[in-house]
Structures are given as C-alpha cells and as structure tokens.
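K.L.:
Structure below; questions to follow.
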Amino acid sequence: MITELGHFALILALCVACVQAVVPLIGAERRWPGWMALAAPAASAQFLLVAGSFAALTWAFVTSDFSLRLVTLNSHSAKPMLYKITGVWGNHEGSMLLWVLIVTLFGACVAWFGGNLPPGLRARVLAVQGWIGAAFLGFLIFTSNPFLRLAAPPFDGQDLNPLLQDPGLAFHPPFLYLGYVGLSMTYSFAVAALIEGRVDAAWGRWVRPYTLAAWMFLTVGIALGSWWAYYELGWGGFWFWDPVENASFMPWLISAALLHSAVVVEKRESLKSWTMLLAIVAFGFSMIGAFITRSGVLTSVHAFANDPERGVFLLGITAFFMMAGLMLFAARAGAMQARGVFSLTSRESMLVVNNLLLGVACFIVFIGTIWPLIAEMFFDRKLSVGAPFFNMAFTPFMVLIGIVLPVGAMLPWKRGSIGRALRTLTPALALAAAVGLVAWAMQTGRSALGPVGLMLGTWLITGAALDILSRAGQAKDRLRRLRRLPRADWGKAFAHGGLGVTMAGIAAVMAWQVEDIRVANLGDSFEVAGYTVRLDDVREVEGPNYISTTGDFTLAKGGSVIARMHPEKRFYPVARMPTTEAAINSTPLRDVYVVIGDEQEGGGWAVRTYVKPLAGWIWGGALLMALGGLLSLSDRRYRVAAGARRAAPAAVAAE
C-alpha cells in the first residue's frame, strides 16, 4: 500500500509541476497577481509529493520489500541498515528520484525564502524550475519507474553492488546531486531574468547564494568520491580522469567561474552577458553528467545504467533546455549592457582572467572526455584518452589560476596597481620561493613538479592570509577588526587557501610517492621509503554479508612500532564480487598505504605498499574550500532574504 501511495504521489507531482510550469509564467506575462502567487504553493506541494514518494521507496528498502523490483535488484536482508538506506540511491531509478527530490527542494527554497524577490521574477524562476521538474519527473515515470512490482517476489534480493557498500560512497551521491541540481536554480534565475529582459546588481546578489551552495556541495561530493576511490579501490590513486569523475568536475569548474562572475555583476554591473551564458552552460554540464552516467555511451566504473533508450530521453532533455536557454540568450544579449567601466589593472580584469582560465580548463576536460566517442562515431577508431593527456593539458591552466588568485584578491575594484598588490604580497612571494627551493634541494629526483606545487600552494595559502590581514587595518586594533570582518571575506580566504592546500598535496603525491609491489610470506619484513613493513598473519574473517581475507601487518620505523595495519580483501557471496579495503596509516605529512591481494600459487601473498607524502592535504584542502563556501553562505549580505530589501520595492515598481 505504501509503495502504491509513493507511485501515485510521483504522478501527482508531475501534474503539479506542469501547472507550476505554465500558470505562473502566464501570470507574470499578463501581470495577474493571483496567477503569479500560485507558483509558491505549487513548488511546496511538488516538493512534499516527491518527498513522500522518496520516503515510500526508502521504507521499501528498509523493510526489505522484495515484491518491489528495485529492492530485489539492489538489496538483501543481511545487508547492514546503513546500506539498505543508501541502496535507495545506489541505482539508476532511485538516484533519479533523489535528483528530482533535490530539484523540487531548491524550488521550494525559493518559495519559502524568496519573499523579497520581485513577484514577476519569482514567478518566472519557479515556472522555469517547474519545467525542469516536469521533464525529469516524466523521464522517471515513463522510462525509470522505481515502483515496479514483481509478479513472483523472490525470498531474498540480489544485494547492492559491493563497491557502493561504503560510508564514503553512501554520502557521495547526495552531496554531488545537491551540487548538480543546485545549478538548475542558477539556470532558472538566468532564464527568468532573460525573459524579463533585466539583469542588474540585485539579480547578481539573488543568484549568488544558490551558485555558492551548488559549488560548495559539488566540492564536498567530489572530495568524498575521490577519498572513496583512494581507499576502497586499492589502486592507490585519488583521481583517474574517469568520464564520470570528469562529469562532476566540469560543472565544478564552470560554477566556480560563475560564482566569480556574479560578484562582478553584483558589485559593478559588468559581465552580464558572460554571467548569463555561464549560468546556462553550468546546468548544461550537469545534465551532460547525467547523460554520461546513464546512457552507456562512455564506459565507467561509476556508471549507473547502460541503456541507450534512456540516454536518448536524457539527451533530448539536455538539448531542449540548452537550446531554449541559448536561443533566449541570443535574443536578449543586446539588452544586457554593462554599466561599470574598469581598467586593465583592476579586480574586475583579474576576475575576467580567472573566468577565462576556468573556462578553457573545463573545455579541455570536456574534449578529453568526449573525444573517444567522437573518434568512434565519425572516424571508426577506438581511442582512449587517459591521465597523461589531462595532466599535460589541464595542469598549466590551474597553475596560472593559482598564480593570479592572490594578486586579483588584493586589487581594488575599478582601478588598481599591480605593483602595490605585489608589494603587499612580498612576504608570501618570499616564503613560497623559500619553500620551493628547500623542496628542490631535498628531493632526490629532478622533477620540478613537487617544488613548483609546494611553492604554488604556499603562495595561495599565505596570499589568502595576507589578504585577510590587510583588511584588518593597523596592528593596534587588528584583532578587533578581524573579528568584525564579514564572513564572506573569511570564506574567500578559506576557499583560496584550501585550493593551495589541495594543490600542494596533489603535487607532493604525484612527485614523491614511493610504490612497492611484492609477494610476501608470513613473517617477511621489507623496507619502503625508510619504513619497515612486516606481514604477521593472514586470516579469514566473516562479516555481516561478506567473507574477508584480512592481513595483519606491523609498521615500524627506526625499530619502533608505529601501527598495526589490517588490509582486507572481501568477497560478497550474494553479488559474487570481491572488493579491496586498503589499510592506511595517516599523519599530517604522509600516508602509508597497504593492500593485500590474492594468495600466490608458490606460496605467499601479493602485497602493495605506498608511501604518499601530504596525501591527506588533498581532502583537507577540499574541506577548507567547502568551509569557505559555508562561511560565505552564512554571511547575511549574501542570503536571499538579506540585502534585497532595498532592491525589492524598486524592482516591484518597475513591474
């Protein structure tokens, strides 16, 4: 009965979405207050209906209702409760229901907290969001119904993919979808403003919280996925330039550019056309990500589905919204004239440079991702574009971004002096050079990657610190002024500093990690980068729904025991699939990473050991970036309900 109610709620939500998509749009065009006012309750009703449907599906997983086809294919009665719940979105149908839930959640947020928006703009924003909700609800109901019943339910299910039965990946999709779908709101704001034909500073302030929230959630989601790949897959890497990894990374790059561009719209009423284009393209890349993971056109270990028919439906949705947005942009581009004038040496100019670098970096990732598909379709050639291409083509642009960020943050609006900014940053430049020289002197190889990465990371971290200190004034009252600085200033400093921490971690791991692969017998000891690793025992351990081959290792240095490590190789009998659980001993300066493989025919066990300098900095920096986004989001000036009070009456009068 609960399942049927969930299915019925989904169908009713589609009907409400259609009403939300049409009626407020007509009301805004005809200036009928009653029709415009329908947008908010419709958005709330749509969210509540989809939330009820999602709760019904979750109940089916929790209670192991194997009469539901989706539960049978993705759950098992012996599975831990956490993974029964996360199994809801660990498949194509459930993940699309989560996607739609978040679409409606963002629409409901505008309905609940957007009271200070002009009525016409608010109605149009919610109408566009209604169109997006209707499209994905239609896709879900007609091609990916999660509530299909089985005529003859089995006694037990087929279990969830064992790779997904992990805490890191349990929370990775919700955060990623909050970022993906959050960009639908920036798209809705852009299209609504284009329909009105008015983009001003108030619009820049209204759209920034949603852009910031989407970027923040994408940062956390990507970091969780990278962390999971690092310790779960047993490959010892944190990023593989997999098509699905790229599908989330491209919207992150574009949303970062959009966030900086919206600042210029808000502060200087410039870059309006560029910002509109970024808002449209950012959501387009999110939908391309959904297409890549569900169409089967590109192979990935992360893909949810391999169904060309669903892929065509998603491609149609993507084409519709992208073409509609771009055609509207072309029609209205002439009306979006910039008001602010600025010189080449100004913060605006540096933000333009930042946008161009991020845009080109995203284009490189996009080309590298889709080129194998283009080569097969048009040239009948099977190609593989891997890490060497991305590292060589992408890295220079990120280095340039790292170089210009501290300088751009120091420059004033409208007109500034590069010399003055560099004088303020002299301590950061000196410290970065010193760190780079020390790293070069200490390393045994000749690669410049490690020293350059550490130097760039130091430049970003100290540059962000100096930027904050420069805003606090003289030393005598600096502490008081630091406490009173806007949270957005602290957020920017944490985000830029976090990028520096991540860059330093990536460079150190890629330049200086040490790898050891061998066959070890019980009692064998071996040296890896100054550490002694000893295999003490290998035993069989039975888990709740798996059988584990667990190795007992002792990690020592200089004769002193540092840690006992227990890597595992698990086998899930129901899914008949093995997984690897690495053992990692972490300190702020390095990770020792041990993986146990299969037993060898001649005796002994395959063992892989890595020593990875500064590995934890990669995810620590990502968390700092996300914290920076959260701090900025908490600044009252950048919330929808704040800062718009003065702008709203004027905008209403203009209606």
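By convention in this document, the chains of the structure tokens carry letters A, B, ... by their order, each chain's residues are numbered from 1, and ligands are numbered from 1 in the order they are shown.
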Range 124-198 of chain A near range 87-106 of chain A within 8 Å: what's each residue's closest atom pair and its distance in Å to one decimal, counting only C-alpha atoms, ordered by chain then ascending residue number, as CSV?

P.N.:
```
residue,atom,partner,partner_atom,distance
A:Gln129,CA,A:Val103,CA,7.5
A:Ile132,CA,A:Val103,CA,7.7
A:Gly133,CA,A:Val103,CA,6.3
A:Phe136,CA,A:Val100,CA,6.5
A:Leu137,CA,A:Val100,CA,6.7
A:Leu140,CA,A:Met96,CA,6.7
A:Ser144,CA,A:Glu93,CA,5.3
A:Asn145,CA,A:Glu93,CA,6.5
A:Pro146,CA,A:Glu93,CA,5.3
A:Leu160,CA,A:Gly87,CA,6.5
A:Leu164,CA,A:Gly90,CA,6.9
A:Pro173,CA,A:Trp89,CA,7.6
A:Pro174,CA,A:Leu98,CA,7.6
A:Tyr177,CA,A:Trp99,CA,6.2
A:Leu178,CA,A:Ile102,CA,6.4
A:Val181,CA,A:Val103,CA,5.8
A:Gly182,CA,A:Phe106,CA,6.8
A:Ser184,CA,A:Val103,CA,7.3
A:Met185,CA,A:Phe106,CA,6.8
```

K.L.:
Deliver the residues from the most recent selection as a file, using C-alpha atoms, as a PDB file, in the first residue's frame.

P.N.:
```
ATOM      1  CA  GLN A 129      12.105  25.246 -12.197  1.00  0.00           C
ATOM      2  CA  ILE A 132      12.849  21.195 -15.165  1.00  0.00           C
ATOM      3  CA  GLY A 133      10.899  19.209 -12.565  1.00  0.00           C
ATOM      4  CA  PHE A 136      12.729  14.779 -15.059  1.00  0.00           C
ATOM      5  CA  LEU A 137       9.506  13.523 -13.483  1.00  0.00           C
ATOM      6  CA  LEU A 140      11.379   8.957 -14.185  1.00  0.00           C
ATOM      7  CA  SER A 144      12.716   4.597 -14.978  1.00  0.00           C
ATOM      8  CA  ASN A 145       9.790   3.849 -12.686  1.00  0.00           C
ATOM      9  CA  PRO A 146      11.194   2.861  -9.263  1.00  0.00           C
ATOM     10  CA  LEU A 160      23.765  -3.846  -3.716  1.00  0.00           C
ATOM     11  CA  LEU A 164      28.817   1.012  -3.084  1.00  0.00           C
ATOM     12  CA  PRO A 173      25.751  10.921  -4.400  1.00  0.00           C
ATOM     13  CA  PRO A 174      23.505  13.147  -2.224  1.00  0.00           C
ATOM     14  CA  TYR A 177      23.357  15.861  -6.607  1.00  0.00           C
ATOM     15  CA  LEU A 178      22.862  18.863  -4.330  1.00  0.00           C
ATOM     16  CA  VAL A 181      20.804  20.172  -9.212  1.00  0.00           C
ATOM     17  CA  GLY A 182      21.651  23.385  -7.379  1.00  0.00           C
ATOM     18  CA  SER A 184      19.314  24.204 -12.043  1.00  0.00           C
ATOM     19  CA  MET A 185      18.372  27.151  -9.841  1.00  0.00           C
TER      20      MET A 185
END
```

K.L.:
Hey, what's within 7 Å of range 54-59 of chain A if we count only C-alpha atoms and toss same-chain stuff fewer than 2 positions away? As a PyMOL selection string, please?

P.N.:
chain A and resi 2-3+6+50-52+61-63+85+88+97

K.L.:
Taking only C-alpha atoms into account, which of A:Tyr230, A:Trp274, A:Trp605, A:Phe147 comes nearest Leu351 in chain A?

P.N.:
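Nearest candidate to Leu351 in chain A out of A:Tyr230, A:Trp274, A:Trp605, A:Phe147: A:Trp274.
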
K.L.:
Residues within 9 Å of Ala615 in chain A, please, as a list in words. Count only C-alpha atoms; anything in the same chain fewer than 2 positions from it doesn't count.

P.N.:
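Here the answer would be Gly505, Ile506, Ala508, Val509, Ser586, Pro588, Leu589, Arg590, Asp591, Lys612, Pro613, Trp617, Ile618 and Trp619 of chain A.
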
K.L.:
Generate a file of the selected residues that holds C-alpha atoms, formatted as a PDB file, in the first residue's frame.

P.N.:
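Below you can see again_33.pdb, which holds the result:
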```
ATOM      1  CA  GLY A 505      49.010  17.709  -1.673  1.00  0.00           C
ATOM      2  CA  ILE A 506      48.442  16.685  -5.295  1.00  0.00           C
ATOM      3  CA  ALA A 508      53.629  16.024  -3.436  1.00  0.00           C
ATOM      4  CA  VAL A 509      51.821  12.731  -4.066  1.00  0.00           C
ATOM      5  CA  SER A 586      47.928   8.673   8.209  1.00  0.00           C
ATOM      6  CA  PRO A 588      49.694  15.254   8.577  1.00  0.00           C
ATOM      7  CA  LEU A 589      52.823  14.712   6.466  1.00  0.00           C
ATOM      8  CA  ARG A 590      52.279  11.305   4.844  1.00  0.00           C
ATOM      9  CA  ASP A 591      50.158   8.180   4.360  1.00  0.00           C
ATOM     10  CA  LYS A 612      52.401   9.076  -0.096  1.00  0.00           C
ATOM     11  CA  PRO A 613      53.686  12.457   1.140  1.00  0.00           C
ATOM     12  CA  TRP A 617      46.201  17.565   2.248  1.00  0.00           C
ATOM     13  CA  ILE A 618      44.217  16.763  -0.886  1.00  0.00           C
ATOM     14  CA  TRP A 619      40.979  16.215   1.026  1.00  0.00           C
TER      15      TRP A 619
END
```

K.L.:
Identify which of the residues A:Leu466, A:Val594, A:Val574, A:Ala507 lies closest to Asp552 in chain A, counting only C-alpha atoms when measuring atom-to-atom distances.

P.N.:
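Once distances to Asp552 in chain A are computed over only C-alpha atoms, the minimum belongs to A:Val594.
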
K.L.:
What is the distance, in Å and to one decimal place, between CA of Val352 in chain A and CA of Trp252 in chain A?

P.N.:
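Pair CA of Val352 in chain A / CA of Trp252 in chain A returns 17.4 Å.
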
K.L.:
Can you check which residues of range 377-586 of chain A DSSP gives as alpha helix (DSSP H) on the backbone and send them as a ChimeraX atom specification?

P.N.:
/A:377-379,387-410,418-424,426-442,449-471,478-484,487-512

K.L.:
Please identify all polymer residues within 7 Å of Pro153 in chain A, counting only C-alpha atoms, omitting same-chain residues fewer than 2 positions from it, and present them as a PDB file with C-alpha atoms, in the first residue's frame.

P.N.:
```
ATOM      1  CA  PHE A  66      11.262  -7.818  -2.302  1.00  0.00           C
ATOM      2  CA  SER A  67       7.974  -7.559  -4.148  1.00  0.00           C
ATOM      3  CA  LEU A 150       7.291  -8.354  -9.372  1.00  0.00           C
ATOM      4  CA  ALA A 151       4.601 -10.945 -10.051  1.00  0.00           C
ATOM      5  CA  PHE A 155      12.762 -14.931  -0.976  1.00  0.00           C
TER       6      PHE A 155
END
```

K.L.:
Skip range 214-227 of chain A itself and residues of its chain fewer than 5 positions away, then list as a PyMOL selection string all residues within 9 Å of it, counting only C-alpha atoms.

P.N.:
chain A and resi 168-169+171-183+209+232+237-239+245+248-249+251-253+255-256+259+618-619+622-623+625-630

K.L.:
Could you name the residues that touch Thr458 in chain A at 10 Å or less, counting only C-alpha atoms, but leaving out those on the same chain fewer than 6 positions away, as a ChimeraX atom specification?

P.N.:
/A:428-436,452,464,497,500-501,503-504

K.L.:
Work out how far CA of His496 in chain A is from CA of Met510 in chain A, in Å to one decimal.

P.N.:
21.4 Å

K.L.:
Give me, as a list of chain:residue names, all polymer residues having an atom no more than 7 Å from Ser273 in chain A, counting only C-alpha atoms and skipping those fewer than 2 positions away in the same chain.

P.N.:
A:Leu271, A:Thr275, A:Met276, A:Leu277, A:Ala333, A:Met336

K.L.:
List every residue of range 402-613 of chain A that DSSP, applied to the backbone of this structure, assigns to strand (DSSP E or B), and report them as number ranges by chain.

P.N.:
A: 514-520, 525-528, 531-542, 547-557, 560-565, 568-572, 577-581, 583-587, 590-599, 605-613
